[in-house]
$ cat start_23.cif   # mmCIF, C-alpha atoms
data_target
loop_
_atom_site.group_PDB
_atom_site.id
_atom_site.type_symbol
_atom_site.label_atom_id
_atom_site.label_comp_id
_atom_site.auth_asym_id
_atom_site.auth_seq_id
_atom_site.Cartn_x
_atom_site.Cartn_y
_atom_site.Cartn_z
ATOM 1 C CA MET A 71 26.638 -17.550 -7.967
ATOM 2 C CA GLN A 72 28.831 -18.361 -10.903
ATOM 3 C CA LEU A 73 31.148 -21.335 -11.161
ATOM 4 C CA LEU A 74 32.778 -23.441 -13.821
ATOM 5 C CA ALA A 75 32.957 -27.212 -13.996
ATOM 6 C CA ASP A 76 35.560 -29.354 -15.700
ATOM 7 C CA PRO A 77 33.655 -31.902 -17.790
ATOM 8 C CA GLY A 78 36.708 -34.156 -17.955
ATOM 9 C CA ILE A 79 36.521 -34.225 -21.755
ATOM 10 C CA PRO A 80 37.420 -31.638 -24.412
ATOM 11 C CA ILE A 81 34.756 -28.966 -24.932
ATOM 12 C CA PRO A 82 33.261 -29.391 -28.427
ATOM 13 C CA LEU A 83 34.022 -26.597 -30.885
ATOM 14 C CA ALA A 84 30.358 -25.558 -31.209
ATOM 15 C CA VAL A 85 30.078 -25.189 -27.422
ATOM 16 C CA ARG A 86 33.380 -23.264 -27.242
ATOM 17 C CA ARG A 87 32.046 -20.832 -29.836
ATOM 18 C CA LEU A 88 28.665 -20.519 -28.122
ATOM 19 C CA VAL A 89 29.880 -19.877 -24.567
ATOM 20 C CA GLY A 90 33.349 -18.485 -25.209
ATOM 21 C CA LEU A 91 35.145 -20.977 -22.978
ATOM 22 C CA ALA A 92 38.105 -23.160 -23.882
ATOM 23 C CA ASP A 93 39.426 -26.320 -22.242
ATOM 24 C CA ALA A 94 42.053 -24.267 -20.391
ATOM 25 C CA ASP A 95 39.298 -22.149 -18.801
ATOM 26 C CA VAL A 96 37.749 -25.154 -17.073
ATOM 27 C CA HIS A 97 40.843 -27.314 -16.463
ATOM 28 C CA GLY A 98 41.156 -28.020 -12.742
ATOM 29 C CA GLN A 99 37.708 -26.691 -11.876
ATOM 30 C CA ALA A 100 35.216 -28.767 -9.880
ATOM 31 C CA ALA A 101 33.843 -31.942 -11.426
ATOM 32 C CA PRO A 102 30.224 -31.645 -12.649
ATOM 33 C CA ALA A 103 28.800 -33.542 -9.649
ATOM 34 C CA ALA A 104 30.643 -31.262 -7.204
ATOM 35 C CA ALA A 105 29.530 -28.151 -9.066
ATOM 36 C CA ILE A 106 25.895 -29.320 -9.046
ATOM 37 C CA ALA A 107 26.179 -30.049 -5.311
ATOM 38 C CA ARG A 108 27.361 -26.454 -4.780
ATOM 39 C CA LEU A 109 24.412 -25.198 -6.816
ATOM 40 C CA ALA A 110 22.050 -27.322 -4.704
ATOM 41 C CA ASP A 111 23.539 -25.899 -1.499
ATOM 42 C CA PHE A 112 23.331 -22.358 -2.851
ATOM 43 C CA SER A 113 19.744 -22.594 -4.094
ATOM 44 C CA ARG A 114 18.464 -24.806 -1.263
ATOM 45 C CA ASP A 115 14.695 -25.278 -1.728
ATOM 46 C CA ALA A 116 14.130 -22.167 -3.838
ATOM 47 C CA ALA A 117 12.191 -22.342 -7.076
ATOM 48 C CA LEU A 118 14.477 -22.233 -10.083
ATOM 49 C CA VAL A 119 13.998 -19.901 -13.031
ATOM 50 C CA VAL A 120 15.482 -20.977 -16.359
ATOM 51 C CA HIS A 121 15.171 -20.024 -19.989
ATOM 52 C CA GLY A 122 14.977 -23.159 -22.108
ATOM 53 C CA GLY A 123 16.906 -25.044 -19.464
ATOM 54 C CA ALA A 124 15.712 -28.601 -20.126
ATOM 55 C CA MET A 125 19.225 -29.950 -20.667
ATOM 56 C CA ASP A 126 20.600 -28.132 -17.619
ATOM 57 C CA LEU A 127 17.747 -29.450 -15.483
ATOM 58 C CA HIS A 128 18.334 -32.955 -16.766
ATOM 59 C CA VAL A 129 21.978 -32.744 -15.650
ATOM 60 C CA CYS A 130 20.974 -31.351 -12.245
ATOM 61 C CA ARG A 131 18.325 -34.009 -11.725
ATOM 62 C CA THR A 132 20.682 -36.776 -12.818
ATOM 63 C CA LEU A 133 23.607 -35.697 -10.633
ATOM 64 C CA ALA A 134 21.597 -34.548 -7.601
ATOM 65 C CA PRO A 135 18.094 -36.037 -7.792
ATOM 66 C CA GLU A 136 17.386 -35.476 -4.100
ATOM 67 C CA ALA A 137 17.940 -31.731 -4.562
ATOM 68 C CA PHE A 138 16.363 -31.164 -7.960
ATOM 69 C CA ALA A 139 13.860 -33.917 -8.803
ATOM 70 C CA GLU A 140 10.844 -32.225 -7.193
ATOM 71 C CA ARG A 141 12.006 -28.606 -7.485
ATOM 72 C CA LEU A 142 9.592 -26.019 -8.880
ATOM 73 C CA VAL A 143 11.086 -24.704 -12.118
ATOM 74 C CA LEU A 144 9.681 -21.750 -14.029
ATOM 75 C CA ASP A 145 10.854 -21.632 -17.640
ATOM 76 C CA THR A 146 10.715 -18.123 -19.081
ATOM 77 C CA LEU A 147 10.874 -19.620 -22.583
ATOM 78 C CA ASP A 148 7.485 -21.280 -21.986
ATOM 79 C CA LEU A 149 6.117 -18.134 -20.369
ATOM 80 C CA ALA A 150 7.367 -15.915 -23.209
ATOM 81 C CA ARG A 151 5.675 -18.137 -25.779
ATOM 82 C CA ILE A 152 2.388 -17.775 -23.870
ATOM 83 C CA VAL A 153 2.574 -14.088 -22.981
ATOM 84 C CA LEU A 154 4.256 -12.925 -26.217
ATOM 85 C CA PRO A 155 2.855 -15.244 -28.897
ATOM 86 C CA ALA A 156 3.350 -12.800 -31.792
ATOM 87 C CA ILE A 157 7.109 -12.464 -31.322
ATOM 88 C CA GLU A 158 9.024 -14.616 -33.796
ATOM 89 C CA ASN A 159 12.068 -15.485 -31.705
ATOM 90 C CA HIS A 160 11.775 -16.253 -27.994
ATOM 91 C CA GLY A 161 15.505 -16.752 -27.445
ATOM 92 C CA LEU A 162 16.889 -15.021 -24.371
ATOM 93 C CA PRO A 163 19.364 -12.789 -26.286
ATOM 94 C CA GLN A 164 16.629 -11.723 -28.701
ATOM 95 C CA LEU A 165 14.077 -10.973 -25.971
ATOM 96 C CA ALA A 166 16.683 -9.109 -23.924
ATOM 97 C CA ALA A 167 17.588 -6.941 -26.923
ATOM 98 C CA ARG A 168 13.936 -6.318 -27.831
ATOM 99 C CA PHE A 169 12.969 -5.207 -24.316
ATOM 100 C CA GLY A 170 16.225 -3.482 -23.350
ATOM 101 C CA LEU A 171 17.209 -6.015 -20.691
ATOM 102 C CA GLU A 172 20.887 -6.147 -19.762
ATOM 103 C CA HIS A 173 22.491 -9.274 -21.179
ATOM 104 C CA ASP A 174 26.121 -8.521 -21.913
ATOM 105 C CA ARG A 175 27.434 -12.109 -22.124
ATOM 106 C CA PRO A 176 24.821 -14.423 -23.657
ATOM 107 C CA HIS A 177 25.227 -18.123 -22.866
ATOM 108 C CA ARG A 178 27.309 -17.400 -19.765
ATOM 109 C CA ALA A 179 25.689 -18.424 -16.497
ATOM 110 C CA LEU A 180 25.630 -15.164 -14.562
ATOM 111 C CA SER A 181 24.588 -12.997 -17.508
ATOM 112 C CA ASP A 182 21.883 -15.503 -18.495
ATOM 113 C CA ALA A 183 20.638 -15.743 -14.890
ATOM 114 C CA LEU A 184 20.362 -11.982 -14.467
ATOM 115 C CA ALA A 185 18.659 -11.518 -17.850
ATOM 116 C CA THR A 186 16.276 -14.398 -17.097
ATOM 117 C CA SER A 187 15.369 -12.824 -13.755
ATOM 118 C CA ASP A 188 14.638 -9.500 -15.467
ATOM 119 C CA LEU A 189 12.643 -11.314 -18.149
ATOM 120 C CA LEU A 190 10.528 -13.125 -15.531
ATOM 121 C CA ARG A 191 9.610 -9.798 -13.928
ATOM 122 C CA LEU A 192 8.766 -8.334 -17.343
ATOM 123 C CA LEU A 193 6.627 -11.346 -18.299
ATOM 124 C CA ALA A 194 4.766 -11.164 -14.988
ATOM 125 C CA THR A 195 4.044 -7.484 -15.615
ATOM 126 C CA LEU A 196 2.884 -8.133 -19.180
ATOM 127 C CA ALA A 197 0.786 -11.144 -18.157
ATOM 128 C CA GLY A 198 -0.798 -9.054 -15.403
ATOM 129 C CA ARG A 199 -1.972 -6.621 -18.085
ATOM 130 C CA LEU A 200 -3.843 -9.303 -20.022
ATOM 131 C CA PRO A 201 -7.616 -8.902 -20.095
ATOM 132 C CA GLY A 202 -9.191 -10.441 -16.993
ATOM 133 C CA ARG A 203 -10.988 -13.212 -18.876
ATOM 134 C CA THR A 204 -7.827 -14.175 -20.768
ATOM 135 C CA LEU A 205 -5.806 -14.275 -17.563
ATOM 136 C CA GLU A 206 -8.457 -16.368 -15.819
ATOM 137 C CA GLN A 207 -8.593 -18.818 -18.737
ATOM 138 C CA ALA A 208 -4.786 -19.127 -18.688
ATOM 139 C CA ARG A 209 -4.901 -19.798 -14.945
ATOM 140 C CA LEU A 210 -7.610 -22.417 -15.305
ATOM 141 C CA LEU A 211 -5.814 -24.188 -18.149
ATOM 142 C CA ALA A 212 -2.549 -24.142 -16.217
ATOM 143 C CA ALA A 213 -4.377 -25.698 -13.254
ATOM 144 C CA LEU A 214 -4.972 -28.848 -15.290
ATOM 145 C CA ASP A 215 -1.253 -29.624 -15.082
ATOM 146 C CA GLU A 216 -0.605 -28.306 -11.551
ATOM 147 C CA GLY A 217 2.940 -27.504 -12.686
ATOM 148 C CA PRO A 218 5.004 -24.329 -12.853
ATOM 149 C CA LEU A 219 2.557 -22.472 -15.101
ATOM 150 C CA HIS A 220 -0.168 -23.095 -12.516
ATOM 151 C CA HIS A 221 2.042 -21.495 -9.847
ATOM 152 C CA PHE A 222 2.848 -18.536 -12.115
ATOM 153 C CA PHE A 223 -0.731 -17.728 -13.104
ATOM 154 C CA THR A 224 -2.075 -18.369 -9.609
ATOM 155 C CA ALA A 225 0.513 -16.002 -8.128
ATOM 156 C CA LEU A 226 -0.477 -13.447 -10.766
ATOM 157 C CA ALA A 227 -4.093 -13.775 -9.672
ATOM 158 C CA GLY A 228 -2.972 -13.046 -6.103
ATOM 159 C CA GLU A 229 -4.052 -16.372 -4.661
ATOM 160 C CA ALA A 230 -1.842 -17.644 -1.887
ATOM 161 C CA ALA A 231 -2.908 -21.271 -1.597
ATOM 162 C CA PRO A 232 -4.818 -22.603 -4.586
ATOM 163 C CA ARG A 233 -7.173 -25.524 -4.172
ATOM 164 C CA ARG A 234 -6.104 -27.625 -7.105
ATOM 165 C CA THR A 235 -9.218 -29.770 -7.309
ATOM 166 C CA ASP A 236 -11.412 -26.658 -7.512
ATOM 167 C CA ASP A 237 -9.195 -25.266 -10.271
ATOM 168 C CA ARG A 238 -9.383 -28.543 -12.198
ATOM 169 C CA GLU A 239 -13.181 -28.614 -11.871
ATOM 170 C CA ARG A 240 -13.477 -25.002 -13.054
ATOM 171 C CA ALA A 241 -11.089 -25.642 -15.966
ATOM 172 C CA SER A 242 -13.076 -28.705 -17.024
ATOM 173 C CA SER A 243 -16.342 -26.792 -16.734
ATOM 174 C CA ALA A 244 -14.951 -23.838 -18.677
ATOM 175 C CA ALA A 245 -13.658 -26.127 -21.433
ATOM 176 C CA ALA A 246 -17.028 -27.887 -21.651
ATOM 177 C CA ALA A 247 -18.864 -24.539 -21.810
ATOM 178 C CA GLU A 248 -16.797 -23.219 -24.739
ATOM 179 C CA PRO A 249 -18.429 -23.713 -28.149
ATOM 180 C CA SER A 250 -16.362 -25.976 -30.386
ATOM 181 C CA GLY A 251 -13.817 -24.087 -32.465
ATOM 182 C CA ALA A 252 -13.862 -21.085 -30.104
ATOM 183 C CA THR A 253 -10.293 -21.444 -28.980
ATOM 184 C CA GLU A 254 -7.624 -18.753 -29.196
ATOM 185 C CA PRO A 255 -4.614 -19.409 -31.454
ATOM 186 C CA ARG A 256 -1.422 -20.644 -29.832
ATOM 187 C CA SER A 257 2.146 -20.242 -30.926
#
$ encode --input "start_23.cif" --output "structure tokens"
Amino acid sequence: MQLLADPGIPIPLAVRRLVGLADADVHGQAAPAAAIARLADFSRDAALVVHGGAMDLHVCRTLAPEAFAERLVLDTLDLARIVLPAIENHGLPQLAARFGLEHDRPHRALSDALATSDLLRLLATLAGRLPGRTLEQARLLAALDEGPLHHFFTALAGEAAPRRTDDRERASSAAAAEPSGATEPRS
């Protein structure tokens, strides 16, 4: 799905340069609320995958809270920072170029969505290759939040229906068992 929305105000120069759209390109398109409603209908109850999409999610949750407020959202920017901590730039265009993922029109919805989908698959593959203890520790730490990272690492571990209280207890026990200062560096 790809659609444009008319924001009802002139597009700022920085945004025009970033996305390659001018006011004429969006004039007469759906209003933002109507466009978000179409996105909600299209995506239904599916989990969303974004790359640094906090602002986009804020707009979706503001304009259609019933459709997006409780939606599971996996952010490949967060995942890339965890799985690829040594890489300097975790931007979608940079990661796509580094790993040979198709991304012919950065900052355009369809190109970003397809590249993000490919990146999610790549990150899942790379995370699945982590040493078993590292992967288990990541899963246990993610369980403390019960958010999207918990779903990602639990799915990687092949568990269908995690028992969150057990995961929290194991994460707390594992954290208490670690000697002080024995943590891995984070980026």
$ residues_around --input "start_23.cif" --residues "Leu154 in chain A" --least-positions-apart "2" --cutoff "9 Å" --atoms "only C-alpha atoms" --output "JSON, numbers by chain"
{"A": [149, 150, 151, 152, 156, 157, 160, 193, 196, 197, 257]}
$ atom_distance --input "start_23.cif" --atom1 "CA of Ala92 in chain A" --atom2 "CA of Asp145 in chain A"
28.0 Å
$ resolve_selection --input "start_23.cif" --expression "the PyMOL selection byres ((chain A and resi 169) around 12)" --output "PyMOL selection string"
chain A and resi 154+157+160+162-168+170-173+185+188-189+191-193+196
$ atom_distance --input "start_23.cif" --atom1 "CA of Leu83 in chain A" --atom2 "CA of Leu133 in chain A"
24.5 Å
$ residues_around --input "start_23.cif" --residues "Gln99 in chain A" --least-positions-apart "4" --cutoff "8 Å" --atoms "all atoms listed in the file" --output "list in words"
Leu74, Ala75 and Asp76 of chain A
$ residues_around --input "start_23.cif" --residues "range 101-110 of chain A" --least-positions-apart "6" --cutoff "12 Å" --atoms "all atoms listed in the file" --output "VMD selection string"
chain A and resid 71 to 79 116 to 118 126 to 139 141 179
$ axis_aligned_box --input "start_23.cif" --around "range 180-187 of chain A" --padding-each-side "6 Å" --output "AutoDock Vina command-line options"
--center_x 20.5 --center_y -13.6 --center_z -16.1 --size_x 22.3 --size_y 16.2 --size_z 16.7
$ closest_residue --input "start_23.cif" --among "A:Ser113, A:Asp93, A:Pro80, A:Val119" --to "Leu190 in chain A" --atoms "all atoms listed in the file"
A:Val119
$ build_atoms --input "start_23.cif" --residues "range 105-121 of chain A" --atoms "N, CA and C atoms" --output "mmCIF file, in the coordinates of the input"
data_model
loop_
_atom_site.group_PDB
_atom_site.id
_atom_site.type_symbol
_atom_site.label_atom_id
_atom_site.label_comp_id
_atom_site.auth_asym_id
_atom_site.auth_seq_id
_atom_site.Cartn_x
_atom_site.Cartn_y
_atom_site.Cartn_z
ATOM 1 N N ALA A 105 30.097 -29.452 -8.717
ATOM 2 C CA ALA A 105 29.530 -28.151 -9.066
ATOM 3 C C ALA A 105 28.013 -28.147 -8.855
ATOM 4 N N ILE A 106 27.347 -29.221 -9.238
ATOM 5 C CA ILE A 106 25.895 -29.320 -9.046
ATOM 6 C C ILE A 106 25.563 -29.364 -7.551
ATOM 7 N N ALA A 107 26.390 -30.023 -6.765
ATOM 8 C CA ALA A 107 26.179 -30.049 -5.311
ATOM 9 C C ALA A 107 26.290 -28.637 -4.731
ATOM 10 N N ARG A 108 27.233 -27.851 -5.235
ATOM 11 C CA ARG A 108 27.361 -26.454 -4.780
ATOM 12 C C ARG A 108 26.130 -25.645 -5.168
ATOM 13 N N LEU A 109 25.625 -25.884 -6.380
ATOM 14 C CA LEU A 109 24.412 -25.198 -6.816
ATOM 15 C C LEU A 109 23.235 -25.586 -5.920
ATOM 16 N N ALA A 110 23.128 -26.855 -5.584
ATOM 17 C CA ALA A 110 22.050 -27.322 -4.704
ATOM 18 C C ALA A 110 22.140 -26.649 -3.337
ATOM 19 N N ASP A 111 23.353 -26.568 -2.789
ATOM 20 C CA ASP A 111 23.539 -25.899 -1.499
ATOM 21 C C ASP A 111 23.179 -24.420 -1.588
ATOM 22 N N PHE A 112 23.582 -23.783 -2.669
ATOM 23 C CA PHE A 112 23.331 -22.358 -2.851
ATOM 24 C C PHE A 112 21.828 -22.065 -2.992
ATOM 25 N N SER A 113 21.150 -22.873 -3.788
ATOM 26 C CA SER A 113 19.744 -22.594 -4.094
ATOM 27 C C SER A 113 18.777 -23.199 -3.078
ATOM 28 N N ARG A 114 19.267 -24.117 -2.279
ATOM 29 C CA ARG A 114 18.464 -24.806 -1.263
ATOM 30 C C ARG A 114 17.141 -25.285 -1.824
ATOM 31 N N ASP A 115 16.020 -24.839 -1.266
ATOM 32 C CA ASP A 115 14.695 -25.278 -1.728
ATOM 33 C C ASP A 115 14.008 -24.246 -2.614
ATOM 34 N N ALA A 116 14.734 -23.239 -3.043
ATOM 35 C CA ALA A 116 14.130 -22.167 -3.838
ATOM 36 C C ALA A 116 13.650 -22.689 -5.190
ATOM 37 N N ALA A 117 12.614 -22.054 -5.702
ATOM 38 C CA ALA A 117 12.191 -22.342 -7.076
ATOM 39 C C ALA A 117 13.317 -21.893 -7.998
ATOM 40 N N LEU A 118 13.467 -22.599 -9.095
ATOM 41 C CA LEU A 118 14.477 -22.233 -10.083
ATOM 42 C C LEU A 118 13.797 -21.541 -11.253
ATOM 43 N N VAL A 119 14.481 -20.584 -11.842
ATOM 44 C CA VAL A 119 13.998 -19.901 -13.031
ATOM 45 C C VAL A 119 15.030 -20.118 -14.115
ATOM 46 N N VAL A 120 14.592 -20.662 -15.239
ATOM 47 C CA VAL A 120 15.482 -20.977 -16.359
ATOM 48 C C VAL A 120 14.883 -20.403 -17.633
ATOM 49 N N HIS A 121 15.678 -20.378 -18.670
ATOM 50 C CA HIS A 121 15.171 -20.024 -19.989
ATOM 51 C C HIS A 121 15.597 -21.138 -20.938
#
